[in-house]
Amino acid sequence: MTTTKPAAWNVGRYLATRLQQLGVSHLFGVPGDHLGPFLSIMQETTDVQWVGTPTEVGAGFAADAYARAKAADADPDKGEVGIGAVAVTYSVGSFNLLNPIGGAYVEQVPLVAINAAPSYEQWLNYQAIGLLTSHMSQRRESNLDVYRQVTVDAQVISNAALAPVQIDTALTACLSERRPVYLEIMDDVWKAPCPEPTGTIERRVRPSTLRNDEMCRAAVEATVELIDRHGNPILWAGEEIERQRLEEKFTALVENTGIPFCTTIGAKSVVSENTPGFSGVYNGKASDPKVRETFKAHGCRIGLGTWSTSKNLGGEQALGDDWAVAVRDGVSVGARYFPSVQLPHFIEELDRALSERYGHHGLAADAFAHAHDQGLDVPASTDAYLSGLSSSDQPADLPMTYDSFFEHISAFLQEQTTGSGTGATTPYTVISDAAFALIGSMNLRMPERASYIAQNSWLSIGYSVGATTGIALARKPRNKRPLVFVGDGSFQETCQELATHVRQLLNPVIFVLDNEGFYGIEQMLVNPCYFKGRTSDGADFYNVLHPWNYDRLAEVFGSEKTPMTGEQIHNHGQLATLLDRIADPEDTLNTGPTLAQIRLARHDYPKAMTYKIKEKCPD
């Protein structure tokens, strides 16, 4: 009787094992001949599951969202981390993947991009006699050069003896910088022998020096002076609170000082929106007008980890004499700048300084009541504003608008929430695409931390459909079902990823917002007067989409093993019926994906975009 010897250590097994050690349970991608050997080794030697997708873009979006969810759910005290991984083949696959990796770089998402390359032997053949093989270009470093622009470390592995060092270095950079890294591994290296992994891959934190401490104290003193001078502060919580897992420090600051706070869209649900003091999503000119008026009515604003872009501020000037913003390892207070200040230390020291100066809850205020008392046209209290975001009382035959649809969805989320306060939980993770879907969904009430995910800075349309795969798999153990909002133009970019949802036995609910086949956000940005009923002078022709019967895609992608349901929704009565079915665990609709085509008028738009029309189309 013979026994099977354990597989010897090789580069493929080394990489797969390191990914598993870092908590990667699913590897997304599109296979190819150069990648095949690695996938076979991974399956034989680890528990990492391969998730093949129809497109490299879809794989990248899935890995991005998977990393976001895993990082948000990780327990730092237990040494848990959250990263994603995606694997493709050389050039034809890697260039398709570049868009998602670029987005992950901009939005600080830790990803490992694996590019399976032609063998070292093939490169020597090209060098000697000019012989090109599949997917090769005449520039050997073409893939590497491109990925160096959107990663914090990029390695080409052609020598198995160096592979462990290169792999560990890249993975350490991924954890430390919370951004993508790139591993280009040649075909004949996968099975080449190398030592087994030793030690663990850990995040390396930049040490704080005495000079850093001095700069932090100076920034805190300047911020306290700002509050002394202007009074009535409001906080603006941003993406770096989530990326650096500073939710507890931020919550402590709010609880100790009583300062009300808003968030950016990218940081929506960074803490439970049931947290006392939460005052809505501030998005510059693209905010709900009531939130914008309230936010601006305060004496000063303090941004913590907030990324300001022209999209999330609508071109509004973010910084002024009455602003302090701590972001990207520095703090701006009015016109003063304090470099090399780490956000965790700044929040801690600001909490301490404000508590000492003003006492516990000494800066407490109701954000909306403060603005209302100044005569602004806003609700009389924050509770009144927040309660007004949700409504399922629309007449059954009332046609959909963007705003009424999201108010109805918000009410549904509240109904499905269990528990109360900051301990409330929801069975859903909301995923929003770019454009009107993002603007419309930003005011949904999210009772649970990390329950809303969107690509806010990069804004690649179609992100949500691929991202759904990653979210569903990352949060399947927690029974968190994706609730997805995507415009019709965005959906047409990546609809193939529905096949992955069916194949993986997932059951997301995808709402395709169909405004009669039209790129609404593009028209709003170029010629908003169109939405006021004025002639476009023919400038809308390039925003017209071919109309699809989206609900019938359920017949295309569904299978006997995983049925898929398609619905057309024209009014609130039909939406109410669908939501009742979604909430019923016994309904067969919930055994697979649901695709709901939401019928909207072409000239409809979220009210938060009204500022564009007022600016460009005066009466």
# chains A, B, ... in the order shown; residues from 1 in each chain; ligands from 1
>>> select_by_dssp(residues="stretch 71-146 of chain A", states="alpha helix (DSSP H)", output="ChimeraX atom specification")
/A:71-73,94-106,120-129,142-146
>>> write_last_selection(atoms="N, CA and C atoms", output="PDB file, in the first residue's frame")
ATOM      1  N   ALA A  71     -12.259  43.862   5.132  1.00  0.00           N
ATOM      2  CA  ALA A  71     -11.543  44.815   5.984  1.00  0.00           C
ATOM      3  C   ALA A  71     -12.482  45.428   7.012  1.00  0.00           C
ATOM      4  N   ALA A  72     -13.710  45.740   6.596  1.00  0.00           N
ATOM      5  CA  ALA A  72     -14.667  46.352   7.516  1.00  0.00           C
ATOM      6  C   ALA A  72     -15.102  45.375   8.599  1.00  0.00           C
ATOM      7  N   ASP A  73     -15.126  44.083   8.282  1.00  0.00           N
ATOM      8  CA  ASP A  73     -15.600  43.071   9.234  1.00  0.00           C
ATOM      9  C   ASP A  73     -14.473  42.474  10.071  1.00  0.00           C
ATOM     10  N   SER A  94      -4.722  41.432 -18.252  1.00  0.00           N
ATOM     11  CA  SER A  94      -4.260  42.429 -17.281  1.00  0.00           C
ATOM     12  C   SER A  94      -4.652  43.845 -17.694  1.00  0.00           C
ATOM     13  N   PHE A  95      -4.673  44.122 -19.007  1.00  0.00           N
ATOM     14  CA  PHE A  95      -5.072  45.461 -19.422  1.00  0.00           C
ATOM     15  C   PHE A  95      -6.564  45.689 -19.194  1.00  0.00           C
ATOM     16  N   ASN A  96      -7.360  44.643 -19.296  1.00  0.00           N
ATOM     17  CA  ASN A  96      -8.777  44.762 -18.938  1.00  0.00           C
ATOM     18  C   ASN A  96      -8.947  45.012 -17.438  1.00  0.00           C
ATOM     19  N   LEU A  97      -8.066  44.436 -16.657  1.00  0.00           N
ATOM     20  CA  LEU A  97      -8.154  44.559 -15.197  1.00  0.00           C
ATOM     21  C   LEU A  97      -7.688  45.918 -14.695  1.00  0.00           C
ATOM     22  N   LEU A  98      -7.018  46.675 -15.540  1.00  0.00           N
ATOM     23  CA  LEU A  98      -6.385  47.913 -15.079  1.00  0.00           C
ATOM     24  C   LEU A  98      -7.385  48.890 -14.476  1.00  0.00           C
ATOM     25  N   ASN A  99      -8.582  49.001 -15.053  1.00  0.00           N
ATOM     26  CA  ASN A  99      -9.578  49.938 -14.530  1.00  0.00           C
ATOM     27  C   ASN A  99      -9.922  49.644 -13.066  1.00  0.00           C
ATOM     28  N   PRO A 100     -10.306  48.405 -12.699  1.00  0.00           N
ATOM     29  CA  PRO A 100     -10.594  48.153 -11.280  1.00  0.00           C
ATOM     30  C   PRO A 100      -9.404  48.375 -10.361  1.00  0.00           C
ATOM     31  N   ILE A 101      -8.205  48.039 -10.804  1.00  0.00           N
ATOM     32  CA  ILE A 101      -7.037  48.245  -9.944  1.00  0.00           C
ATOM     33  C   ILE A 101      -6.763  49.735  -9.784  1.00  0.00           C
ATOM     34  N   GLY A 102      -6.966  50.503 -10.859  1.00  0.00           N
ATOM     35  CA  GLY A 102      -6.840  51.957 -10.730  1.00  0.00           C
ATOM     36  C   GLY A 102      -7.815  52.513  -9.716  1.00  0.00           C
ATOM     37  N   GLY A 103      -9.048  52.020  -9.728  1.00  0.00           N
ATOM     38  CA  GLY A 103     -10.042  52.469  -8.755  1.00  0.00           C
ATOM     39  C   GLY A 103      -9.661  52.092  -7.339  1.00  0.00           C
ATOM     40  N   ALA A 104      -9.145  50.879  -7.160  1.00  0.00           N
ATOM     41  CA  ALA A 104      -8.731  50.442  -5.823  1.00  0.00           C
ATOM     42  C   ALA A 104      -7.564  51.273  -5.306  1.00  0.00           C
ATOM     43  N   TYR A 105      -6.676  51.674  -6.215  1.00  0.00           N
ATOM     44  CA  TYR A 105      -5.551  52.517  -5.809  1.00  0.00           C
ATOM     45  C   TYR A 105      -6.041  53.887  -5.334  1.00  0.00           C
ATOM     46  N   VAL A 106      -6.920  54.495  -6.100  1.00  0.00           N
ATOM     47  CA  VAL A 106      -7.436  55.816  -5.748  1.00  0.00           C
ATOM     48  C   VAL A 106      -8.215  55.759  -4.442  1.00  0.00           C
ATOM     49  N   TYR A 120       9.831  32.293 -18.788  1.00  0.00           N
ATOM     50  CA  TYR A 120      11.161  32.888 -18.942  1.00  0.00           C
ATOM     51  C   TYR A 120      11.793  32.395 -20.233  1.00  0.00           C
ATOM     52  N   GLU A 121      11.574  31.146 -20.540  1.00  0.00           N
ATOM     53  CA  GLU A 121      12.099  30.574 -21.782  1.00  0.00           C
ATOM     54  C   GLU A 121      11.556  31.307 -23.004  1.00  0.00           C
ATOM     55  N   GLN A 122      10.261  31.630 -22.967  1.00  0.00           N
ATOM     56  CA  GLN A 122       9.662  32.339 -24.099  1.00  0.00           C
ATOM     57  C   GLN A 122      10.234  33.744 -24.251  1.00  0.00           C
ATOM     58  N   TRP A 123      10.519  34.392 -23.123  1.00  0.00           N
ATOM     59  CA  TRP A 123      11.123  35.718 -23.204  1.00  0.00           C
ATOM     60  C   TRP A 123      12.544  35.642 -23.775  1.00  0.00           C
ATOM     61  N   LEU A 124      13.267  34.589 -23.434  1.00  0.00           N
ATOM     62  CA  LEU A 124      14.607  34.426 -23.991  1.00  0.00           C
ATOM     63  C   LEU A 124      14.544  34.178 -25.495  1.00  0.00           C
ATOM     64  N   ASN A 125      13.518  33.425 -25.919  1.00  0.00           N
ATOM     65  CA  ASN A 125      13.343  33.203 -27.357  1.00  0.00           C
ATOM     66  C   ASN A 125      13.085  34.521 -28.087  1.00  0.00           C
ATOM     67  N   TYR A 126      12.251  35.361 -27.474  1.00  0.00           N
ATOM     68  CA  TYR A 126      11.970  36.651 -28.114  1.00  0.00           C
ATOM     69  C   TYR A 126      13.238  37.505 -28.158  1.00  0.00           C
ATOM     70  N   GLN A 127      13.992  37.485 -27.051  1.00  0.00           N
ATOM     71  CA  GLN A 127      15.215  38.286 -26.984  1.00  0.00           C
ATOM     72  C   GLN A 127      16.224  37.852 -28.042  1.00  0.00           C
ATOM     73  N   ALA A 128      16.286  36.539 -28.278  1.00  0.00           N
ATOM     74  CA  ALA A 128      17.302  36.013 -29.186  1.00  0.00           C
ATOM     75  C   ALA A 128      16.881  36.077 -30.650  1.00  0.00           C
ATOM     76  N   ILE A 129      15.618  35.672 -30.946  1.00  0.00           N
ATOM     77  CA  ILE A 129      15.221  35.551 -32.353  1.00  0.00           C
ATOM     78  C   ILE A 129      13.927  36.290 -32.684  1.00  0.00           C
ATOM     79  N   SER A 142       5.934  46.124 -20.565  1.00  0.00           N
ATOM     80  CA  SER A 142       4.712  46.892 -20.825  1.00  0.00           C
ATOM     81  C   SER A 142       3.685  46.729 -19.710  1.00  0.00           C
ATOM     82  N   ASN A 143       3.439  45.499 -19.272  1.00  0.00           N
ATOM     83  CA  ASN A 143       2.473  45.278 -18.198  1.00  0.00           C
ATOM     84  C   ASN A 143       2.960  45.871 -16.877  1.00  0.00           C
ATOM     85  N   LEU A 144       4.224  45.638 -16.589  1.00  0.00           N
ATOM     86  CA  LEU A 144       4.800  46.139 -15.337  1.00  0.00           C
ATOM     87  C   LEU A 144       4.754  47.658 -15.277  1.00  0.00           C
ATOM     88  N   ASP A 145       5.121  48.313 -16.360  1.00  0.00           N
ATOM     89  CA  ASP A 145       5.147  49.778 -16.370  1.00  0.00           C
ATOM     90  C   ASP A 145       3.763  50.363 -16.112  1.00  0.00           C
ATOM     91  N   VAL A 146       2.750  49.764 -16.706  1.00  0.00           N
ATOM     92  CA  VAL A 146       1.392  50.263 -16.519  1.00  0.00           C
ATOM     93  C   VAL A 146       0.952  50.095 -15.072  1.00  0.00           C
TER      94      VAL A 146
END
>>> residues_around(residues="stretch 18-32 of chain A", least_positions_apart="4", cutoff="7 Å", atoms="only C-alpha atoms", output="PDB file with N, CA, C and O atoms, in the first residue's frame")
ATOM      1  N   TYR A  14       3.314  28.503  -2.518  1.00  0.00           N
ATOM      2  CA  TYR A  14       3.739  29.553  -1.599  1.00  0.00           C
ATOM      3  C   TYR A  14       2.767  30.732  -1.649  1.00  0.00           C
ATOM      4  O   TYR A  14       2.288  31.208  -0.613  1.00  0.00           O
ATOM      5  N   GLY A  36      -3.350  28.756 -15.560  1.00  0.00           N
ATOM      6  CA  GLY A  36      -3.857  27.428 -15.201  1.00  0.00           C
ATOM      7  C   GLY A  36      -3.032  26.678 -14.175  1.00  0.00           C
ATOM      8  O   GLY A  36      -3.582  26.108 -13.215  1.00  0.00           O
ATOM      9  N   ASP A  47      -7.425  25.970   0.759  1.00  0.00           N
ATOM     10  CA  ASP A  47      -8.889  26.039   0.751  1.00  0.00           C
ATOM     11  C   ASP A  47      -9.392  27.268  -0.005  1.00  0.00           C
ATOM     12  O   ASP A  47     -10.596  27.551   0.010  1.00  0.00           O
ATOM     13  N   VAL A  48      -8.512  28.017  -0.625  1.00  0.00           N
ATOM     14  CA  VAL A  48      -8.926  29.190  -1.383  1.00  0.00           C
ATOM     15  C   VAL A  48      -9.741  28.729  -2.595  1.00  0.00           C
ATOM     16  O   VAL A  48      -9.312  27.856  -3.351  1.00  0.00           O
ATOM     17  N   GLN A  49     -10.920  29.318  -2.759  1.00  0.00           N
ATOM     18  CA  GLN A  49     -11.818  28.911  -3.844  1.00  0.00           C
ATOM     19  C   GLN A  49     -11.664  29.837  -5.047  1.00  0.00           C
ATOM     20  O   GLN A  49     -11.593  31.052  -4.906  1.00  0.00           O
ATOM     21  N   TRP A  50     -11.638  29.224  -6.213  1.00  0.00           N
ATOM     22  CA  TRP A  50     -11.576  29.983  -7.454  1.00  0.00           C
ATOM     23  C   TRP A  50     -12.984  30.425  -7.844  1.00  0.00           C
ATOM     24  O   TRP A  50     -13.918  29.629  -7.851  1.00  0.00           O
ATOM     25  N   VAL A  51     -13.140  31.716  -8.157  1.00  0.00           N
ATOM     26  CA  VAL A  51     -14.408  32.262  -8.630  1.00  0.00           C
ATOM     27  C   VAL A  51     -14.166  32.849 -10.008  1.00  0.00           C
ATOM     28  O   VAL A  51     -13.705  33.983 -10.149  1.00  0.00           O
ATOM     29  N   GLY A  52     -14.460  32.059 -11.032  1.00  0.00           N
ATOM     30  CA  GLY A  52     -14.295  32.536 -12.388  1.00  0.00           C
ATOM     31  C   GLY A  52     -15.428  33.471 -12.777  1.00  0.00           C
ATOM     32  O   GLY A  52     -16.594  33.204 -12.471  1.00  0.00           O
ATOM     33  N   THR A  53     -15.102  34.556 -13.433  1.00  0.00           N
ATOM     34  CA  THR A  53     -16.097  35.554 -13.832  1.00  0.00           C
ATOM     35  C   THR A  53     -16.060  35.734 -15.349  1.00  0.00           C
ATOM     36  O   THR A  53     -15.055  35.413 -15.992  1.00  0.00           O
ATOM     37  N   PRO A  54     -17.129  36.253 -15.944  1.00  0.00           N
ATOM     38  CA  PRO A  54     -17.131  36.440 -17.393  1.00  0.00           C
ATOM     39  C   PRO A  54     -16.129  37.475 -17.889  1.00  0.00           C
ATOM     40  O   PRO A  54     -15.669  37.390 -19.030  1.00  0.00           O
ATOM     41  N   THR A  55     -15.791  38.461 -17.065  1.00  0.00           N
ATOM     42  CA  THR A  55     -14.899  39.533 -17.503  1.00  0.00           C
ATOM     43  C   THR A  55     -13.858  39.839 -16.427  1.00  0.00           C
ATOM     44  O   THR A  55     -14.099  39.653 -15.227  1.00  0.00           O
ATOM     45  N   GLU A  56     -12.708  40.326 -16.884  1.00  0.00           N
ATOM     46  CA  GLU A  56     -11.668  40.745 -15.934  1.00  0.00           C
ATOM     47  C   GLU A  56     -12.124  41.957 -15.136  1.00  0.00           C
ATOM     48  O   GLU A  56     -11.795  42.087 -13.941  1.00  0.00           O
ATOM     49  N   ALA A  59     -14.241  40.721 -12.389  1.00  0.00           N
ATOM     50  CA  ALA A  59     -13.417  40.082 -11.361  1.00  0.00           C
ATOM     51  C   ALA A  59     -12.754  41.117 -10.472  1.00  0.00           C
ATOM     52  O   ALA A  59     -12.679  40.963  -9.242  1.00  0.00           O
ATOM     53  N   ALA A  63     -13.284  41.609  -6.466  1.00  0.00           N
ATOM     54  CA  ALA A  63     -12.184  41.567  -5.503  1.00  0.00           C
ATOM     55  C   ALA A  63     -12.114  42.846  -4.689  1.00  0.00           C
ATOM     56  O   ALA A  63     -11.824  42.827  -3.480  1.00  0.00           O
ATOM     57  N   VAL A  81      -7.049  40.855   9.101  1.00  0.00           N
ATOM     58  CA  VAL A  81      -6.907  41.879   8.081  1.00  0.00           C
ATOM     59  C   VAL A  81      -7.958  41.617   7.020  1.00  0.00           C
ATOM     60  O   VAL A  81      -8.682  40.632   7.077  1.00  0.00           O
ATOM     61  N   GLY A  82      -8.048  42.484   6.066  1.00  0.00           N
ATOM     62  CA  GLY A  82      -8.994  42.274   4.987  1.00  0.00           C
ATOM     63  C   GLY A  82      -8.389  42.703   3.669  1.00  0.00           C
ATOM     64  O   GLY A  82      -8.141  43.889   3.461  1.00  0.00           O
ATOM     65  N   ILE A  83      -8.106  41.747   2.800  1.00  0.00           N
ATOM     66  CA  ILE A  83      -7.621  42.071   1.474  1.00  0.00           C
ATOM     67  C   ILE A  83      -8.387  41.228   0.464  1.00  0.00           C
ATOM     68  O   ILE A  83      -9.042  40.249   0.810  1.00  0.00           O
ATOM     69  N   GLY A  84      -8.298  41.594  -0.803  1.00  0.00           N
ATOM     70  CA  GLY A  84      -8.882  40.823  -1.883  1.00  0.00           C
ATOM     71  C   GLY A  84      -7.804  40.435  -2.866  1.00  0.00           C
ATOM     72  O   GLY A  84      -6.699  40.983  -2.854  1.00  0.00           O
ATOM     73  N   ALA A  85      -8.125  39.483  -3.733  1.00  0.00           N
ATOM     74  CA  ALA A  85      -7.155  39.034  -4.728  1.00  0.00           C
ATOM     75  C   ALA A  85      -7.863  38.710  -6.032  1.00  0.00           C
ATOM     76  O   ALA A  85      -8.984  38.198  -6.041  1.00  0.00           O
ATOM     77  N   VAL A  86      -7.173  39.007  -7.137  1.00  0.00           N
ATOM     78  CA  VAL A  86      -7.718  38.764  -8.466  1.00  0.00           C
ATOM     79  C   VAL A  86      -6.582  38.269  -9.343  1.00  0.00           C
ATOM     80  O   VAL A  86      -5.439  38.714  -9.213  1.00  0.00           O
ATOM     81  N   ALA A  87      -6.893  37.323 -10.233  1.00  0.00           N
ATOM     82  CA  ALA A  87      -5.862  36.733 -11.085  1.00  0.00           C
ATOM     83  C   ALA A  87      -6.332  36.696 -12.535  1.00  0.00           C
ATOM     84  O   ALA A  87      -7.473  36.308 -12.814  1.00  0.00           O
ATOM     85  N   VAL A  88      -5.442  37.089 -13.428  1.00  0.00           N
ATOM     86  CA  VAL A  88      -5.756  37.121 -14.865  1.00  0.00           C
ATOM     87  C   VAL A  88      -4.524  36.650 -15.633  1.00  0.00           C
ATOM     88  O   VAL A  88      -3.497  36.320 -15.045  1.00  0.00           O
ATOM     89  N   THR A  89      -4.644  36.644 -16.953  1.00  0.00           N
ATOM     90  CA  THR A  89      -3.505  36.265 -17.773  1.00  0.00           C
ATOM     91  C   THR A  89      -2.954  37.484 -18.497  1.00  0.00           C
ATOM     92  O   THR A  89      -3.615  38.516 -18.627  1.00  0.00           O
TER      93      THR A  89
END
>>> atom_distance(atom1="atom CA of A:His372", atom2="atom CA of A:Gln394")
27.4 Å
>>> closest_atom_pairs(of="stretch 345-453 of chain A", to="stretch 462-472 of chain A", cutoff="9 Å", atoms="only C-alpha atoms", output="CSV")
residue,atom,partner,partner_atom,distance
A:Thr429,CA,A:Ile471,CA,7.9
A:Ile431,CA,A:Ser464,CA,6.1
A:Ser432,CA,A:Ser464,CA,6.0
A:Asp433,CA,A:Ser464,CA,5.0
A:Ala434,CA,A:Gly462,CA,7.8
A:Ile453,CA,A:Ser464,CA,8.8
>>> select_by_dssp(residues="stretch 360-514 of chain A", states="strand (DSSP E)", output="list in words")
Tyr428, Thr429, Val430, Ile431, Ser432, Tyr452, Ile453, Ala454, Arg481, Pro482, Leu483, Val484, Phe485, Val486, Gly487, Val509, Ile510, Phe511, Val512, Leu513 and Asp514 of chain A
>>> residues_around(residues="A:Phe406", least_positions_apart="5", cutoff="8 Å", atoms="only C-alpha atoms", output="ChimeraX atom specification")
/A:390,440-441,444
>>> write_last_selection(atoms="C-alpha atoms", output="tab-separated table (two decimals), in the first residue's frame")
chain	number	residue	atom	x	y	z
A	390	SER	CA	-38.25	57.19	4.85
A	440	GLY	CA	-30.36	59.03	-4.83
A	441	SER	CA	-29.16	56.36	-2.40
A	444	LEU	CA	-30.95	55.98	2.77
>>> closest_residue(among="A:Thr382, A:Ser176, A:Ser279, A:Asn571", to="A:Asp397", atoms="only C-alpha atoms")
A:Asn571
>>> residues_around(residues="A:Glu141", least_positions_apart="2", cutoff="12 Å", atoms="only C-alpha atoms", output="VMD selection string")
chain A and resid 90 to 91 117 123 136 to 139 143 to 148 154 to 156 184
>>> residues_around(residues="A:Ala192", least_positions_apart="3", cutoff="10 Å", atoms="only C-alpha atoms", output="NGL selection string")
:A and (8-13 or 159-161 or 163 or 187-189)
>>> write_last_selection(atoms="N, CA and C atoms", output="PDB file, in the first residue's frame")
ATOM      1  N   ALA A   8       5.143  19.005  -2.750  1.00  0.00           N
ATOM      2  CA  ALA A   8       6.340  19.770  -2.425  1.00  0.00           C
ATOM      3  C   ALA A   8       6.027  21.256  -2.527  1.00  0.00           C
ATOM      4  N   TRP A   9       6.836  22.042  -1.849  1.00  0.00           N
ATOM      5  CA  TRP A   9       6.624  23.482  -1.903  1.00  0.00           C
ATOM      6  C   TRP A   9       7.164  24.036  -3.220  1.00  0.00           C
ATOM      7  N   ASN A  10       6.343  24.856  -3.834  1.00  0.00           N
ATOM      8  CA  ASN A  10       6.735  25.546  -5.053  1.00  0.00           C
ATOM      9  C   ASN A  10       6.168  26.956  -4.993  1.00  0.00           C
ATOM     10  N   VAL A  11       6.439  27.763  -5.998  1.00  0.00           N
ATOM     11  CA  VAL A  11       6.036  29.165  -5.961  1.00  0.00           C
ATOM     12  C   VAL A  11       4.523  29.310  -5.947  1.00  0.00           C
ATOM     13  N   GLY A  12       3.824  28.483  -6.723  1.00  0.00           N
ATOM     14  CA  GLY A  12       2.366  28.552  -6.728  1.00  0.00           C
ATOM     15  C   GLY A  12       1.776  28.258  -5.370  1.00  0.00           C
ATOM     16  N   ARG A  13       2.270  27.200  -4.725  1.00  0.00           N
ATOM     17  CA  ARG A  13       1.771  26.847  -3.396  1.00  0.00           C
ATOM     18  C   ARG A  13       2.131  27.929  -2.380  1.00  0.00           C
ATOM     19  N   ASN A 159      12.408  34.231 -11.121  1.00  0.00           N
ATOM     20  CA  ASN A 159      13.386  33.378 -10.453  1.00  0.00           C
ATOM     21  C   ASN A 159      12.759  32.844  -9.172  1.00  0.00           C
ATOM     22  N   ALA A 160      12.527  31.552  -9.101  1.00  0.00           N
ATOM     23  CA  ALA A 160      11.873  30.955  -7.935  1.00  0.00           C
ATOM     24  C   ALA A 160      12.651  31.180  -6.652  1.00  0.00           C
ATOM     25  N   ALA A 161      13.964  31.319  -6.757  1.00  0.00           N
ATOM     26  CA  ALA A 161      14.778  31.529  -5.561  1.00  0.00           C
ATOM     27  C   ALA A 161      14.461  32.861  -4.898  1.00  0.00           C
ATOM     28  N   ALA A 163      11.410  34.385  -5.333  1.00  0.00           N
ATOM     29  CA  ALA A 163       9.954  34.533  -5.247  1.00  0.00           C
ATOM     30  C   ALA A 163       9.440  34.763  -3.823  1.00  0.00           C
ATOM     31  N   ASP A 187       5.218  31.820 -16.335  1.00  0.00           N
ATOM     32  CA  ASP A 187       4.559  30.515 -16.424  1.00  0.00           C
ATOM     33  C   ASP A 187       5.409  29.373 -15.869  1.00  0.00           C
ATOM     34  N   ASP A 188       6.698  29.365 -16.171  1.00  0.00           N
ATOM     35  CA  ASP A 188       7.549  28.247 -15.750  1.00  0.00           C
ATOM     36  C   ASP A 188       8.062  28.388 -14.326  1.00  0.00           C
ATOM     37  N   VAL A 189       7.577  29.405 -13.603  1.00  0.00           N
ATOM     38  CA  VAL A 189       7.990  29.588 -12.205  1.00  0.00           C
ATOM     39  C   VAL A 189       6.988  28.950 -11.248  1.00  0.00           C
TER      40      VAL A 189
END
>>> closest_residue(among="A:Pro233, A:Gly277, A:Pro482, A:Gly517", to="A:Arg301", atoms="only C-alpha atoms")
A:Pro233
>>> closest_residue(among="A:Leu111, A:Ile510, A:Ile185, A:Val430", to="A:Pro164", atoms="only C-alpha atoms")
A:Ile185
>>> residues_around(residues="stretch 592-597 of chain A", least_positions_apart="6", cutoff="8 Å", atoms="only C-alpha atoms", output="PyMOL selection string")
chain A and resi 501-502+505-514+550-551+554+562-569
>>> atom_distance(atom1="atom CA of A:Asn212", atom2="atom CA of A:Ala326")
14.0 Å
>>> atom_distance(atom1="atom CA of A:Asp329", atom2="atom CA of A:Trp307")
12.2 Å
>>> residues_around(residues="A:Glu415", least_positions_apart="2", cutoff="12 Å", atoms="only C-alpha atoms", output="PyMOL selection string")
chain A and resi 390-392+408-413+417-420+424-428+445-447+579-580+583
>>> closest_residue(among="A:Asp64, A:Pro477, A:Phe261, A:Asp168", to="A:Pro180", atoms="only C-alpha atoms")
A:Asp64
>>> closest_residue(among="A:Arg68, A:Arg243, A:Lys532, A:Lys616", to="A:Val327", atoms="only C-alpha atoms")
A:Arg243
>>> closest_residue(among="A:Met442, A:Ile157, A:Val57, A:Ala297", to="A:Lys607", atoms="only C-alpha atoms")
A:Met442
